[in-house]
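Working notes, structure below.
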Amino acid sequence: MFSKSRINEPGPKAEAEKPKAPETPMTKPSMDFTPSAPKGKASASVLSSDLTVVGNLRTTGDIQVEGTVEGDIRAHLLTVGESATIRGEIVADDIVVNGRVIGRVRGLKVRLTSTARVEGDIIHKTIAIESGAHFEGSVQRQEDPLANGRPGTTARLDTPAAGDAE
């Protein structure tokens, strides 16, 4: 009787008949992103400037200290921020001091930047002290400074680093 086709009918049915974008099946998310840190290597742990830690810290990773630590620190890479104060021994493969350390420093590579203030002995394999750094203590070179009690060459420095005038 009636010969109207559905296409000509007004209303929501006509919209429902419009072709849809093809649906993709649910699969695992794509892993096509680049992580911020290399695979297997986590980013550095950061202790913020408003944080005070009383106790020892130990990690096989990297630490950046901006606050205060009253205790010993052992890490792979230790960065002491300009606002940081550490009271205790620090031991790491790589140490960069921008702030204050009161205690012994032991590292394969030790670097005191121009803002560093270190009061204590440094045992190292290689060392760099920038002009402006303040250091009071002795310096001892060892092939393996991470091992305790091995003999080495000692030099005593009780004055500011070269280039300082106080």
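Residue numbers start at 1 in each chain; chains themselves are named A, B, ... in the order of the structure tokens; ligands are numbered from 1 in the order shown.
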| If you run DSSP on this backbone, which residues of range 40-116 of chain A come out as strand (DSSP E or B), and could you give them as a VMD selection string? | chain A and resid 45 to 47 52 to 54 57 to 58 62 to 65 68 to 70 73 to 80 85 to 87 90 to 97 100 to 102 105 to 112
| message | Quick one: residues within 12 Å of Gly103 in chain A, only C-alpha atoms, excluding same-chain residues fewer than 6 positions away - as a ChimeraX atom specification? | response | /A:69-73,85-91,117-123,135-138
| field | Nearby residues (only C-alpha atoms) at most 10 Å from Leu47 in chain A, same-chain spacing under 2 positions excluded, as an NGL selection string | value | :A and (44-45 or 49-53 or 63-69 or 80-81 or 84)
| request: Mind giving me the straight-line distance from CA of Leu78 in chain A to CA of Leu146 in chain A in Å, one decimal? | output: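 These atoms are spaced 13.8 Å apart.
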| query | Between CA of Thr60 in chain A and CA of Gln142 in chain A, what is the distance, to one decimal in Å? | reply | 21.5 Å
| said: I'd like the contact shell of Ala116 in chain A - 6 Å cut-off, only C-alpha atoms, skipping same-chain residues fewer than 6 positions apart - returned as a list in words. | reply: Val97, Asn98, Gly99, Arg100 and Ala133 of chain A
| request: Point out the residue among A:Leu77, A:Thr113, A:Leu108, A:Val46 with the least atom-to-atom distance to Asp62 in chain A, counting only C-alpha atoms. | output: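 Using only C-alpha atoms, Asp62 in chain A sits closest to A:Leu77.
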